[in-house]
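Engineer: To start, I am sharing the structure in question, which I have written as structure tokens.
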Amino acid sequence: MSAPLVKICGLTDPRQAAACAALGVWAIGVVLAGDSPRSVTPPQARAVTDALPSGVARVGVVVDLDADAAADLVGEAGLTHLQTHGHADVAAIRENAGVPVIEAFRVGGEADLADARRSVADLVLLDARVPGLHGGTGRAFDWGLVEREPLGRPFVLAGGLAPGNVADAVGRARPSHVDVSSGVERAPGDKDLAAVEAFVRAATGRVAA
């Protein structure tokens, strides 16, 4: 199994985003949903994405996104991917925006994994099911669900990950990607770069230089 790719989500500071990218992550995520403490406006997101080197994915996290608005949002925020939560027409969003779509699923049982298997998205993300919240809860779901019944497609593992548990999560769930936000923060949107580095090393098995 190859080491998973790492996404650091909920960036609000362009300098922190650039520093995270320098640690070898696959993607930086910006939250474009108003109910999140890490939420940024499209111009603020653009400042974050403009600070990133080429080759680092720029993922916009959205909730209940209207497909007609997708293309404008991608342009305004400088995105290479959209990550949808809530209700979304994934195929229409991808067609209108012209970028890959990551569809998030809140996992509470096997039925949620079945939905993820059927998704037409380019990639699916598995997070914990917490009533009233779309994501970013800092809680893990039962990794045993996907350990016992592999998803059968590449997926992003999210929810409750941190430097101290991500290696175990990767070994059990075998995701193609891992996603962290609160697990490497001092406060919402304020990343602890030492924790980010430790997370990347633990997730990928890299040895510190």
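Following the order of the structure tokens, chains are lettered A, B, ..., residues in each are numbered from 1, and ligands are numbered from 1.
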Wanna dump the stretch 64-123 of chain A-stretch 172-184 of chain A contacts at 12 Å for me, each residue with its shortest atom pair and the distance in Å to one decimal, counting only C-alpha atoms, ordered by chain and number, as JSON lines?

Structural biologist:
{"residue": "A:Gln83", "atom": "CA", "partner": "A:Asp179", "partner_atom": "CA", "distance": 11.8}
{"residue": "A:Ile102", "atom": "CA", "partner": "A:His177", "partner_atom": "CA", "distance": 11.4}
{"residue": "A:Ala104", "atom": "CA", "partner": "A:Asp179", "partner_atom": "CA", "distance": 11.5}
{"residue": "A:Leu123", "atom": "CA", "partner": "A:His177", "partner_atom": "CA", "distance": 9.6}

Engineer: Please produce a file of those selected residues containing N, CA and C atoms, as a PDB file, in the first residue's frame.

Structural biologist:
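See again.pdb below for the written result:
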ATOM      1  N   GLN A  83     -14.958  20.437  -2.588  1.00  0.00           N
ATOM      2  CA  GLN A  83     -15.349  19.388  -1.644  1.00  0.00           C
ATOM      3  C   GLN A  83     -16.744  19.710  -1.147  1.00  0.00           C
ATOM      4  N   ILE A 102     -14.843  16.317  -4.736  1.00  0.00           N
ATOM      5  CA  ILE A 102     -14.743  15.394  -3.607  1.00  0.00           C
ATOM      6  C   ILE A 102     -16.084  15.463  -2.876  1.00  0.00           C
ATOM      7  N   ALA A 104     -18.309  14.526   0.326  1.00  0.00           N
ATOM      8  CA  ALA A 104     -18.163  14.107   1.718  1.00  0.00           C
ATOM      9  C   ALA A 104     -19.386  13.317   2.175  1.00  0.00           C
ATOM     10  N   LEU A 123     -13.647  11.675  -6.035  1.00  0.00           N
ATOM     11  CA  LEU A 123     -13.089  11.140  -4.794  1.00  0.00           C
ATOM     12  C   LEU A 123     -14.152  11.312  -3.724  1.00  0.00           C
TER      13      LEU A 123
END

Engineer: Using only C-alpha atoms, determine which residues lie at most 9 Å from A:Asp50, disregarding the query and same-chain residues fewer than 2 positions distant; provide the list as a list of chain:residue names.

Structural biologist: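 In the requested format, the answer is A:Pro14, A:Ala45, A:Arg46, A:Ala47, A:Val48, A:Leu52, A:Pro53, A:Ala77, A:Gly78.
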
Engineer: Taking only chain A into account, list the residues labelled alpha helix (DSSP H) by DSSP (computed from the backbone), as a VMD selection string.

Structural biologist: chain A and resid 14 to 21 42 to 50 67 to 77 90 to 97 110 to 118 144 to 148 166 to 173 193 to 204

Engineer: Might you pull out every residue within 10 Å of A:Leu113, with only C-alpha atoms counted and same-chain residues fewer than 3 positions away left off, and present them as a short mmCIF file (atom, residue, chain, number, x, y, z; two decimals) with N, CA and C atoms, in the first residue's frame?

Structural biologist:
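selection_31.cif, written as the output of this step:
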data_model
loop_
_atom_site.label_atom_id
_atom_site.label_comp_id
_atom_site.auth_asym_id
_atom_site.auth_seq_id
_atom_site.Cartn_x
_atom_site.Cartn_y
_atom_site.Cartn_z
N PHE A 105 -19.11 12.25 2.93
CA PHE A 105 -20.16 11.43 3.51
C PHE A 105 -19.95 11.33 5.01
N ARG A 106 -21.02 11.57 5.76
CA ARG A 106 -20.97 11.42 7.21
C ARG A 106 -21.31 9.97 7.54
N VAL A 107 -20.38 9.30 8.18
CA VAL A 107 -20.49 7.85 8.38
C VAL A 107 -20.97 7.53 9.79
N GLY A 108 -22.08 6.82 9.84
CA GLY A 108 -22.58 6.31 11.10
C GLY A 108 -22.86 4.83 11.05
N GLY A 109 -22.80 4.27 9.85
CA GLY A 109 -23.07 2.85 9.68
C GLY A 109 -22.77 2.40 8.27
N GLU A 110 -23.04 1.13 7.98
CA GLU A 110 -22.71 0.54 6.68
C GLU A 110 -23.48 1.17 5.54
N ALA A 116 -21.41 6.02 -0.31
CA ALA A 116 -20.11 6.50 -0.79
C ALA A 116 -19.61 5.68 -1.97
N ARG A 117 -19.85 4.37 -1.92
CA ARG A 117 -19.42 3.52 -3.04
C ARG A 117 -20.13 3.91 -4.33
N ARG A 118 -21.37 4.35 -4.22
CA ARG A 118 -22.17 4.67 -5.42
C ARG A 118 -21.92 6.08 -5.94
N SER A 119 -21.20 6.88 -5.21
CA SER A 119 -21.02 8.28 -5.59
C SER A 119 -20.34 8.40 -6.95
N LEU A 126 -14.77 10.40 3.89
CA LEU A 126 -15.53 9.80 4.97
C LEU A 126 -15.23 10.52 6.27
N LEU A 145 -15.59 -0.15 10.49
CA LEU A 145 -16.57 -0.33 9.42
C LEU A 145 -15.89 -0.52 8.07
N VAL A 146 -14.93 0.34 7.77
CA VAL A 146 -14.25 0.26 6.48
C VAL A 146 -13.11 -0.75 6.54
N GLU A 149 -15.04 -4.00 5.83
CA GLU A 149 -15.67 -4.00 4.50
C GLU A 149 -15.05 -2.88 3.68
N PRO A 150 -13.89 -3.11 3.05
CA PRO A 150 -13.19 -2.05 2.32
C PRO A 150 -14.10 -1.35 1.32
N LEU A 151 -13.85 -0.07 1.13
CA LEU A 151 -14.73 0.75 0.29
C LEU A 151 -14.64 0.36 -1.18
#

Engineer: If you run DSSP over the backbone, which residues in chain A end up strand (DSSP E)? Put them as a PyMOL selection string.

Structural biologist: chain A and resi 5-8+27-31+57-63+81-85+101-107+123-128+155-157+177-180+185-187+190-191

Engineer: Suppose you want the space between atom CA of A:Thr84 and atom CA of A:Gly60; what is it in Å?

Structural biologist: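 About the pair atom CA of A:Thr84 and atom CA of A:Gly60: they are 8.4 Å apart.
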
Engineer: Pick out the closest residue to A:Ala97 from this set: A:Asp142, A:Asp64, A:Asp35, A:Glu76. Count only C-alpha atoms.

Structural biologist: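 Checking each candidate against A:Ala97, we get A:Glu76 as the closest.
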
Engineer: Using only C-alpha atoms for the distances, tell me which of A:Gly98, A:Gly159, A:Pro42, A:Pro37 is nearest to A:Asp190.

Structural biologist: A:Pro37

Engineer: What is the distance between atom CA of A:Gln16 and atom CA of A:Val200, in Å to one decimal?

Structural biologist: 15.0 Å

Engineer: Which of these residues is nearest to A:Val30, using only C-alpha atoms: A:Thr49, A:Ser54, A:Thr204, A:Asn96?

Structural biologist: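 Among the listed residues, A:Thr49 lies closest to A:Val30.
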
Engineer: Find the distance between atom CA of A:Gly144 and atom CA of A:Val31 and write it in Å to one decimal.

Structural biologist: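 These two atoms are separated by 28.4 Å.
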
Engineer: Go through A:Gly10, A:Gly189, A:Gly152, A:Pro43 one by one, measure the shortest atom-to-atom distance of each to A:Leu73 using only C-alpha atoms, and give the residue with the smallest value.

Structural biologist: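 Of all the options, A:Pro43 lies closest to A:Leu73.
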
Engineer: Please, which residues in stretch 88-171 of chain A fall within 12 Å of stretch 65-70 of chain A when counting only C-alpha atoms, and what is the closest atom pair and distance in Å to one decimal for each, ordered by chain then residue number, as a tab-separated table?

Structural biologist:
residue	atom	partner	partner_atom	distance
A:Ala88	CA	A:Leu65	CA	6.0
A:Asp89	CA	A:Ala67	CA	6.7
A:Val90	CA	A:Ala67	CA	8.0
A:Ala91	CA	A:Ala67	CA	8.8
A:Ala92	CA	A:Ala67	CA	5.8
A:Ile93	CA	A:Ala67	CA	4.5
A:Arg94	CA	A:Ala67	CA	8.2
A:Glu95	CA	A:Ala67	CA	8.6
A:Asn96	CA	A:Ala70	CA	6.4
A:Ala97	CA	A:Ala70	CA	5.2
A:Gly98	CA	A:Ala70	CA	8.9
A:Val99	CA	A:Ala70	CA	9.5
A:Pro100	CA	A:Ala70	CA	11.6
A:Val101	CA	A:Ala70	CA	10.7
A:Glu103	CA	A:Leu65	CA	11.5

Engineer: Could you please take those selected residues and save C-alpha atoms as a PDB file, in the first residue's frame?

Structural biologist:
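Dumped to selection36.pdb:
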ATOM      1  CA  ALA A  88     -25.210  18.762  -4.059  1.00  0.00           C
ATOM      2  CA  ASP A  89     -25.576  17.679  -7.684  1.00  0.00           C
ATOM      3  CA  VAL A  90     -22.025  16.409  -8.025  1.00  0.00           C
ATOM      4  CA  ALA A  91     -22.151  15.750 -11.765  1.00  0.00           C
ATOM      5  CA  ALA A  92     -23.558  19.223 -12.509  1.00  0.00           C
ATOM      6  CA  ILE A  93     -21.030  20.918 -10.212  1.00  0.00           C
ATOM      7  CA  ARG A  94     -18.146  19.133 -11.933  1.00  0.00           C
ATOM      8  CA  GLU A  95     -19.474  20.005 -15.388  1.00  0.00           C
ATOM      9  CA  ASN A  96     -20.051  23.677 -14.541  1.00  0.00           C
ATOM     10  CA  ALA A  97     -16.878  24.228 -12.516  1.00  0.00           C
ATOM     11  CA  GLY A  98     -14.525  22.134 -14.620  1.00  0.00           C
ATOM     12  CA  VAL A  99     -12.657  20.776 -11.578  1.00  0.00           C
ATOM     13  CA  PRO A 100     -12.665  17.432  -9.747  1.00  0.00           C
ATOM     14  CA  VAL A 101     -15.257  17.051  -6.994  1.00  0.00           C
ATOM     15  CA  GLU A 103     -18.053  14.334  -2.072  1.00  0.00           C
TER      16      GLU A 103
END

Engineer: Within 9 Å of A:Cys20, counting only C-alpha atoms, which residues show up once you throw out same-chain ones fewer than 4 positions away? Write them as an MDAnalysis selection string, please.

Structural biologist: chainID A and resid 8 15:16 24:25 28 191 193 196:197

Engineer: Check the smallest atom-to-atom distance from each of A:Leu23, A:Gly34, A:Phe199, A:Ala57 to A:Gly164 using only C-alpha atoms, then report the winner.

Structural biologist: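 The answer is A:Phe199, which sits nearest to A:Gly164.
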